[in-house]
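Shown next: data05.pdb, given as PDB, C-alpha atoms.
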ATOM      1  CA  MET L  17      88.275 -71.799 -17.369
ATOM      2  CA  SER L  18      89.217 -69.271 -14.663
ATOM      3  CA  SER L  19      89.909 -70.178 -11.045
ATOM      4  CA  LYS L  20      86.853 -68.268  -9.852
ATOM      5  CA  GLU L  21      84.545 -70.259 -12.106
ATOM      6  CA  LEU L  22      86.180 -73.487 -10.989
ATOM      7  CA  LEU L  23      85.629 -72.656  -7.306
ATOM      8  CA  ARG L  24      82.047 -71.661  -8.007
ATOM      9  CA  MET L  25      81.319 -74.986  -9.703
ATOM     10  CA  LYS L  26      83.067 -76.937  -6.933
ATOM     11  CA  SER L  27      80.887 -75.249  -4.361
ATOM     12  CA  LYS L  28      77.746 -76.227  -6.267
ATOM     13  CA  ASN L  29      78.748 -79.874  -6.870
ATOM     14  CA  LYS L  30      80.023 -82.438  -4.351
ATOM     15  CA  VAL L  31      83.048 -84.557  -5.257
ATOM     16  CA  ASN L  32      82.773 -88.329  -4.947
ATOM     17  CA  GLY L  33      85.541 -90.548  -3.654
ATOM     18  CA  ASN L  34      86.723 -91.468  -7.110
ATOM     19  CA  GLY L  35      87.318 -87.811  -7.979
ATOM     20  CA  SER L  36      84.251 -87.334 -10.111
ATOM     21  CA  LEU L  37      81.508 -84.770  -9.508
ATOM     22  CA  SER L  38      78.089 -85.861  -8.408
ATOM     23  CA  SER L  39      76.669 -83.768 -11.235
ATOM     24  CA  SER L  40      76.237 -85.816 -14.398
ATOM     25  CA  GLY L  41      77.546 -82.991 -16.550
ATOM     26  CA  TRP L  42      81.097 -82.569 -15.210
ATOM     27  CA  GLU L  43      84.031 -84.667 -13.973
ATOM     28  CA  MET L  44      87.383 -84.010 -12.308
ATOM     29  CA  ARG L  45      90.501 -85.181 -14.124
ATOM     30  CA  PRO L  46      93.551 -86.483 -12.156
ATOM     31  CA  GLY L  47      95.425 -83.246 -12.762
ATOM     32  CA  GLY L  48      92.649 -81.265 -11.070
ATOM     33  CA  MET L  49      91.122 -80.037 -14.346
ATOM     34  CA  LEU L  50      87.333 -79.816 -14.478
ATOM     35  CA  VAL L  51      85.947 -81.001 -17.841
ATOM     36  CA  GLN L  52      82.569 -81.924 -19.251
ATOM     37  CA  LYS L  53      81.733 -85.544 -18.611
ATOM     38  CA  ARG L  54      81.742 -87.937 -21.575
ATOM     39  CA  SER L  55      79.206 -90.709 -21.416
ATOM     40  CA  SER L  56      78.100 -93.367 -23.839
ATOM     41  CA  ASP L  57      75.456 -94.708 -21.528
ATOM     42  CA  HIS L  58      72.312 -95.690 -23.383
ATOM     43  CA  SER L  59      70.113 -94.286 -20.647
ATOM     44  CA  ASN L  60      71.634 -90.807 -21.106
ATOM     45  CA  GLN L  61      71.040 -90.941 -24.850
ATOM     46  CA  SER L  62      67.447 -92.041 -24.407
ATOM     47  CA  SER L  63      66.826 -89.159 -22.014
ATOM     48  CA  MET L  64      67.613 -86.686 -24.832
ATOM     49  CA  ILE L  65      64.871 -88.044 -27.131
ATOM     50  CA  VAL L  66      61.951 -85.608 -27.453
ATOM     51  CA  PRO L  67      58.647 -87.437 -26.971
ATOM     52  CA  THR L  68      55.904 -87.366 -29.589
ATOM     53  CA  ILE L  69      52.383 -86.708 -28.402
ATOM     54  CA  ARG L  70      48.965 -87.304 -29.939
ATOM     55  CA  LEU L  71      46.529 -84.423 -29.938
ATOM     56  CA  LYS L  72      42.797 -84.415 -30.710
ATOM     57  CA  VAL L  73      41.684 -81.279 -32.504
ATOM     58  CA  LYS L  74      37.998 -80.496 -32.966
ATOM     59  CA  TYR L  75      37.032 -78.431 -36.011
ATOM     60  CA  GLY L  76      33.321 -77.979 -36.520
ATOM     61  CA  SER L  77      31.707 -81.385 -36.100
ATOM     62  CA  SER L  78      34.824 -83.394 -36.993
ATOM     63  CA  TYR L  79      37.893 -84.454 -35.033
ATOM     64  CA  HIS L  80      41.460 -84.639 -36.296
ATOM     65  CA  GLU L  81      44.214 -86.606 -34.571
ATOM     66  CA  VAL L  82      47.696 -85.179 -34.955
ATOM     67  CA  LYS L  83      51.037 -86.669 -33.901
ATOM     68  CA  ILE L  84      53.560 -83.950 -33.176
ATOM     69  CA  SER L  85      56.644 -83.261 -31.074
ATOM     70  CA  SER L  86      55.874 -82.033 -27.592
ATOM     71  CA  GLN L  87      58.401 -79.234 -28.068
ATOM     72  CA  ALA L  88      56.803 -77.953 -31.276
ATOM     73  CA  THR L  89      55.013 -74.623 -31.482
ATOM     74  CA  PHE L  90      51.346 -73.962 -32.122
ATOM     75  CA  GLY L  91      52.388 -72.449 -35.433
ATOM     76  CA  GLU L  92      53.819 -75.795 -36.513
ATOM     77  CA  LEU L  93      50.604 -77.467 -35.368
ATOM     78  CA  LYS L  94      48.610 -75.064 -37.562
ATOM     79  CA  LYS L  95      50.704 -76.048 -40.571
ATOM     80  CA  MET L  96      49.865 -79.701 -39.963
ATOM     81  CA  LEU L  97      46.150 -78.856 -39.647
ATOM     82  CA  ALA L  98      46.065 -76.766 -42.835
ATOM     83  CA  GLY L  99      45.918 -79.896 -45.022
ATOM     84  CA  PRO L 100      43.070 -81.863 -43.422
ATOM     85  CA  THR L 101      40.982 -78.799 -42.519
ATOM     86  CA  GLY L 102      41.618 -76.691 -45.629
ATOM     87  CA  LEU L 103      42.206 -73.589 -43.513
ATOM     88  CA  HIS L 104      45.094 -71.242 -44.111
ATOM     89  CA  THR L 105      47.453 -71.006 -41.157
ATOM     90  CA  GLU L 106      46.646 -67.307 -40.745
ATOM     91  CA  ASP L 107      42.911 -68.098 -40.617
ATOM     92  CA  GLN L 108      43.222 -70.593 -37.724
ATOM     93  CA  LYS L 109      42.510 -69.979 -34.056
ATOM     94  CA  ILE L 110      43.481 -72.763 -31.633
ATOM     95  CA  PHE L 111      41.998 -72.870 -28.127
ATOM     96  CA  TYR L 112      43.239 -74.983 -25.231
ATOM     97  CA  LYS L 113      41.285 -74.878 -22.009
ATOM     98  CA  GLU L 114      39.171 -72.016 -23.432
ATOM     99  CA  LYS L 115      42.234 -69.832 -24.086
ATOM    100  CA  GLU L 116      43.554 -68.897 -27.510
ATOM    101  CA  LYS L 117      47.162 -69.910 -28.031
ATOM    102  CA  ASP L 118      49.733 -67.821 -29.842
ATOM    103  CA  SER L 119      51.489 -69.387 -32.834
ATOM    104  CA  ARG L 120      54.889 -68.797 -31.211
ATOM    105  CA  SER L 121      54.029 -70.609 -27.978
ATOM    106  CA  PHE L 122      55.395 -74.134 -27.337
ATOM    107  CA  LEU L 123      53.105 -77.075 -26.734
ATOM    108  CA  ASP L 124      54.898 -78.459 -23.681
ATOM    109  CA  ILE L 125      55.137 -75.059 -22.010
ATOM    110  CA  ALA L 126      51.398 -74.575 -22.550
ATOM    111  CA  GLY L 127      50.829 -77.844 -20.681
ATOM    112  CA  LEU L 128      49.794 -80.095 -23.583
ATOM    113  CA  LYS L 129      50.294 -83.797 -23.072
ATOM    114  CA  ASP L 130      49.560 -86.984 -24.931
ATOM    115  CA  GLY L 131      45.820 -87.116 -25.572
ATOM    116  CA  SER L 132      45.162 -83.406 -24.980
ATOM    117  CA  LYS L 133      42.105 -81.941 -26.719
ATOM    118  CA  LEU L 134      42.029 -78.632 -28.584
ATOM    119  CA  ILE L 135      39.419 -76.627 -30.473
ATOM    120  CA  LEU L 136      40.065 -75.068 -33.876
ATOM    121  CA  ILE L 137      37.901 -72.298 -35.326
ATOM    122  CA  GLU L 138      38.181 -70.131 -38.432
ATOM    123  CA  ASP L 139      39.227 -66.502 -37.973
ATOM    124  CA  GLU L 140      36.750 -64.585 -40.139
ATOM    125  CA  ILE L 141      38.482 -61.226 -39.680
ATOM    126  CA  SER L 142      41.849 -62.608 -40.734
ATOM    127  CA  LYS L 143      40.220 -64.334 -43.704
ATOM    128  CA  GLU L 144      38.611 -61.074 -44.817
ATOM    129  CA  LYS L 145      41.911 -59.206 -44.471
ATOM    130  CA  ARG L 146      43.718 -61.826 -46.532
ATOM    131  CA  TYR L 147      40.994 -61.643 -49.190
ATOM    132  CA  LEU L 148      41.257 -57.860 -49.441
ATOM    133  CA  GLU L 149      45.037 -58.059 -49.508
ATOM    134  CA  SER L 150      44.957 -60.656 -52.284
ATOM    135  CA  ARG L 151      42.583 -58.480 -54.327
ATOM    136  CA  LYS L 152      44.845 -55.485 -53.837
ATOM    137  CA  ASN L 153      47.883 -57.478 -54.932
ATOM    138  CA  ALA L 154      45.995 -58.748 -57.977
ATOM    139  CA  LYS L 155      45.033 -55.189 -58.946
ATOM    140  CA  MET L 156      48.609 -54.014 -58.554
ATOM    141  CA  GLU L 157      49.823 -56.890 -60.698
ATOM    142  CA  ASN L 158      47.302 -56.083 -63.425
ATOM    143  CA  ALA L 159      48.204 -52.394 -63.237
ATOM    144  CA  SER L 160      51.882 -53.265 -63.641
ATOM    145  CA  LYS L 161      51.134 -55.358 -66.734
ATOM    146  CA  GLU L 162      48.974 -52.591 -68.241
ATOM    147  CA  ILE L 163      51.643 -49.941 -67.668
ATOM    148  CA  THR L 164      54.266 -52.190 -69.250
ATOM    149  CA  THR L 165      52.065 -52.777 -72.321
ATOM    150  CA  ILE L 166      51.354 -49.048 -72.696
ATOM    151  CA  ARG L 167      55.040 -48.203 -72.293
ATOM    152  CA  LEU L 168      55.958 -50.536 -75.149
ATOM    153  CA  GLU L 169      53.272 -48.948 -77.342
ATOM    154  CA  ILE L 170      54.539 -45.459 -76.495
ATOM    155  CA  ASP L 171      58.058 -46.551 -77.446
ATOM    156  CA  LYS L 172      56.799 -47.526 -80.913
ATOM    157  CA  LEU L 173      54.985 -44.212 -81.352
ATOM    158  CA  ALA L 174      58.057 -42.329 -80.131
ATOM    159  CA  LYS L 175      60.089 -43.815 -82.987
ATOM    160  CA  GLN L 176      57.477 -42.673 -85.506
ATOM    161  CA  VAL L 177      57.461 -39.171 -84.018
ATOM    162  CA  ALA L 178      61.257 -39.049 -84.291
ATOM    163  CA  ASN L 179      61.123 -40.100 -87.970
ATOM    164  CA  VAL L 180      58.514 -37.453 -88.790
ATOM    165  CA  GLU L 181      60.563 -34.824 -86.958
ATOM    166  CA  MET L 182      63.643 -35.707 -89.010
ATOM    167  CA  ASP L 183      61.667 -35.438 -92.268
ATOM    168  CA  ILE L 184      60.126 -32.068 -91.455
ATOM    169  CA  TYR L 185      63.315 -30.489 -90.147
ATOM    170  CA  GLY L 186      65.064 -31.897 -93.201
ATOM    171  CA  GLY L 187      62.724 -29.875 -95.425
ATOM    172  CA  LYS L 188      60.413 -32.716 -96.417
ATOM    173  CA  LYS L 189      56.697 -32.065 -96.152
ATOM    174  CA  VAL L 190      54.547 -34.858 -94.692
ATOM    175  CA  THR L 191      50.812 -35.329 -94.912
ATOM    176  CA  GLU L 192      48.812 -33.723 -92.153
ATOM    177  CA  THR L 193      46.843 -36.967 -91.792
ATOM    178  CA  LEU L 194      49.973 -38.693 -90.502
ATOM    179  CA  LEU L 195      50.481 -36.060 -87.825
ATOM    180  CA  LEU L 196      46.839 -36.192 -86.744
ATOM    181  CA  SER L 197      46.845 -39.995 -86.559
ATOM    182  CA  LEU L 198      49.937 -39.980 -84.350
ATOM    183  CA  ILE L 199      48.333 -37.430 -82.030
ATOM    184  CA  GLU L 200      45.175 -39.550 -81.849
ATOM    185  CA  LEU L 201      47.139 -42.705 -80.990
ATOM    186  CA  LEU L 202      49.033 -40.892 -78.255
ATOM    187  CA  MET L 203      45.786 -39.500 -76.837
ATOM    188  CA  THR L 204      44.433 -43.058 -76.707
ATOM    189  CA  GLN L 205      47.414 -44.151 -74.609
ATOM    190  CA  LEU L 206      46.894 -41.134 -72.361
ATOM    191  CA  ILE L 207      43.289 -42.176 -71.727
ATOM    192  CA  LYS L 208      44.418 -45.711 -70.890
ATOM    193  CA  LEU L 209      46.958 -44.383 -68.386
ATOM    194  CA  ASP L 210      44.333 -42.177 -66.786
ATOM    195  CA  GLY L 211      42.157 -45.233 -66.134
ATOM    196  CA  ILE L 212      44.860 -47.112 -64.200
ATOM    197  CA  THR L 213      44.726 -46.994 -60.395
ATOM    198  CA  ALA L 214      48.164 -47.439 -58.848
ATOM    199  CA  ASP L 215      50.055 -46.737 -55.643
ATOM    200  CA  GLY L 216      53.685 -46.326 -54.684
ATOM    201  CA  ASP L 217      56.220 -47.197 -57.364
ATOM    202  CA  LEU L 218      53.537 -48.035 -59.942
ATOM    203  CA  LYS L 219      52.050 -44.573 -59.513
ATOM    204  CA  LEU L 220      55.418 -43.020 -60.307
ATOM    205  CA  GLN L 221      55.764 -45.222 -63.392
ATOM    206  CA  ARG L 222      52.308 -44.184 -64.622
ATOM    207  CA  ARG L 223      53.106 -40.497 -64.093
ATOM    208  CA  MET L 224      56.347 -40.880 -66.041
ATOM    209  CA  GLN L 225      54.519 -42.369 -69.046
ATOM    210  CA  VAL L 226      51.896 -39.603 -68.899
ATOM    211  CA  LYS L 227      54.634 -36.972 -69.118
ATOM    212  CA  ARG L 228      56.179 -38.803 -72.090
ATOM    213  CA  VAL L 229      52.891 -38.814 -73.980
ATOM    214  CA  GLN L 230      52.275 -35.127 -73.270
ATOM    215  CA  LYS L 231      55.760 -34.256 -74.508
ATOM    216  CA  TYR L 232      55.271 -36.142 -77.797
ATOM    217  CA  ILE L 233      51.875 -34.505 -78.376
ATOM    218  CA  GLU L 234      53.408 -31.055 -77.877
ATOM    219  CA  THR L 235      56.174 -31.982 -80.318
ATOM    220  CA  LEU L 236      53.628 -33.015 -82.961
ATOM    221  CA  ASP L 237      51.709 -29.751 -82.516
ATOM    222  CA  MET L 238      54.888 -27.802 -83.243
ATOM    223  CA  LEU L 239      55.659 -30.048 -86.207
ATOM    224  CA  LYS L 240      52.204 -29.331 -87.650
ATOM    225  CA  ILE L 241      52.971 -25.604 -87.709
ATOM    226  CA  ARG L 242      56.389 -26.105 -89.252
ATOM    227  CA  ASN L 243      55.016 -28.588 -91.777
ATOM    228  CA  SER L 244      52.356 -26.135 -92.989
ATOM    229  CA  ALA L 245      55.022 -23.431 -93.320
ATOM    230  CA  LEU L 246      57.139 -25.816 -95.387
ATOM    231  CA  GLY L 247      54.253 -26.208 -97.799
ATOM    232  CA  ASN L 248      54.038 -22.421 -98.446
ATOM    233  CA  HIS L 249      57.787 -21.958 -99.007
ATOM    234  CA  ASN L 250      58.218 -24.930-101.289
ATOM    235  CA  ALA L 251      55.440 -24.012-103.694
ATOM    236  CA  ASN L 252      57.149 -22.781-106.914
ATOM    237  CA  VAL L 253      54.153 -20.970-108.349
ATOM    238  CA  PRO L 254      54.410 -17.575-110.210
ATOM    239  CA  MET L 255      53.192 -14.553-108.286
ATOM    240  CA  HIS L 256      50.410 -13.637-110.739
ATOM    241  CA  ASN L 257      49.027 -17.172-110.445
ATOM    242  CA  LYS L 258      49.005 -16.854-106.634
ATOM    243  CA  ASN L 259      47.080 -13.556-106.970
ATOM    244  CA  ARG L 260      44.639 -15.242-109.259
ATOM    245  CA  MET L 261      44.142 -17.946-106.670
ATOM    246  CA  PHE L 262      43.420 -15.261-104.092
ATOM    247  CA  THR L 263      40.392 -13.766-105.910
ATOM    248  CA  GLY L 264      39.514 -16.690-108.094
ATOM    249  CA  GLN L 265      39.246 -14.457-111.221
ATOM    250  CA  MET L 266      41.945 -11.810-111.579
ATOM    251  CA  PRO L 267      45.248 -10.686-110.111
ATOM    252  CA  LYS L 268      45.146  -9.104-106.687
ATOM    253  CA  SER L 269      46.539  -5.691-107.781
ATOM    254  CA  ILE L 270      43.988  -5.304-110.588
ATOM    255  CA  TYR L 271      41.197  -6.300-108.257
ATOM    256  CA  TYR L 272      42.110  -3.594-105.741
ATOM    257  CA  GLN L 273      42.468  -0.946-108.474
ATOM    258  CA  GLN L 274      38.982  -1.622-109.755
ATOM    259  CA  GLU L 275      37.555  -1.397-106.258
ATOM    260  CA  GLN L 276      39.260   1.944-105.705
ATOM    261  CA  ARG L 277      37.811   3.305-108.969
ATOM    262  CA  LYS L 278      34.323   2.337-107.834
ATOM    263  CA  MET L 279      34.762   4.193-104.551
ATOM    264  CA  GLY L 280      36.232   7.255-106.216
ATOM    265  CA  ASN L 281      39.532   6.984-104.414
ATOM    266  CA  PHE L 282      41.638   6.008-107.388
ATOM    267  CA  ALA L 283      43.621   8.914-108.884
ATOM    268  CA  ASP L 284      43.720   8.774-112.659
ATOM    269  CA  GLN L 285      47.278   9.305-113.911
ATOM    270  CA  THR L 286      45.948  10.944-117.198
ATOM    271  CA  SER L 287      43.814  13.607-115.456
ATOM    272  CA  PRO L 288      44.742  17.147-116.780
ATOM    273  CA  GLY L 289      46.314  19.736-114.475
ATOM    274  CA  PRO L 290      47.505  19.526-110.967
ATOM    275  CA  VAL L 291      45.250  19.616-107.991
ATOM    276  CA  VAL L 292      45.070  23.169-106.479
ATOM    277  CA  VAL L 293      44.891  23.459-102.718
ATOM    278  CA  THR L 294      43.614  26.746-101.234
ATOM    279  CA  THR L 295      43.033  27.999 -97.744
ATOM    280  CA  LYS L 296      40.267  30.446 -98.751
ATOM    281  CA  TRP L 297      36.986  29.194 -97.329
ATOM    282  CA  GLU L 298      33.601  30.326 -98.637
ATOM    283  CA  THR L 299      31.358  31.752 -95.995
ATOM    284  CA  PHE L 300      27.547  31.409 -96.038
TER     285      PHE L 300
END
Would you write the structure of this file as structure tokens?
Amino acid sequence: MSSKELLRMKSKNKVNGNGSLSSSGWEMRPGGMLVQKRSSDHSNQSSMIVPTIRLKVKYGSSYHEVKISSQATFGELKKMLAGPTGLHTEDQKIFYKEKEKDSRSFLDIAGLKDGSKLILIEDEISKEKRYLESRKNAKMENASKEITTIRLEIDKLAKQVANVEMDIYGGKKVTETLLLSLIELLMTQLIKLDGITADGDLKLQRRMQVKRVQKYIETLDMLKIRNSALGNHNANVPMHNKNRMFTGQMPKSIYYQQEQRKMGNFADQTSPGPVVVTTKWETF
């Protein structure tokens, strides 16, 4: 302790004849050192005990008696009243002498003594806010579970899309029904995602799954085109049979030749003499 502080404390406290300070908190040692007084007096210990008070709280038509420390806060009092009254601590309003008390205020500072009476009422606005907040939290929780379930289903479909893609790019033709069924299943998941209402991080998660589904659907559309092209290239059928399939009766070249003969545009290779072209025009 500095000399200035020592002089300041000496000026505030008078020294007795035995060298001790009149203040109960400090004493002077023989060497002139000022130290905190040590006392084992029972009266000093009893003076440090915080008294417990009894309060009468009226809620509706009933009264509740509560024993609590005088140095407790109104918030602690609300916690003790939550059990017997059934009110949430945030839904309680406590009035003392017709004034509402804040939860952070202390009982003794507010003037409460043993036997003081208080009035407790239910805060309807706070109750409504808590109800709306609980509903919102419940919706967010359900939305999170739905997004998780859909994500797992999309993961399964993604594996099937990858297997089909490997088959088609490997030259293996797959049935078109398989491609259509995968597209339909992905569209179902897209509809489910569209029906989910989410905010914040859940909204970002939903958007991410929507983009995944759209990407897989686009991939399947491209695989459909490639798969149909694989079917045409892999068919080992003779050309004249393909032409027959085109008309249903005869080869394509013969069919066109007969049509040209009917229209008079087919030049017969056995016709005698060349065709003579002249620039002399007959006048009428």
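Atom CA of His104 of chain L to atom CA of Asp130 of chain L spans 25.2 Å [interatomic distance, one decimal].
Using only C-alpha atoms for every distance, the candidate list L:Ile110, L:Val226, L:Val190, L:Ile65 yields L:Ile110 as the residue closest to Lys133 of chain L.
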Atomic separation - atom CA of Thr101 of chain L relative to atom CA of Glu138 of chain L, Å: 10.0 Å
For the file shown, report as number ranges by chain the outcome of the PyMOL selection byres ((chain L and resi 85) around 8) at residue level. L: 66-69, 83-84, 86-88
Which of L:Val82, L:Leu173, L:Ile125, L:Leu198 sits closest to Asp237 of chain L [using all atoms listed in the file]: L:Leu198
So which residues get picked by the PyMOL selection byres ((chain L and resi 206-211) around 10) here, written as a ChimeraX atom specification? /L:159,162-163,166-167,170,200-205,212-214,222-223,225-230
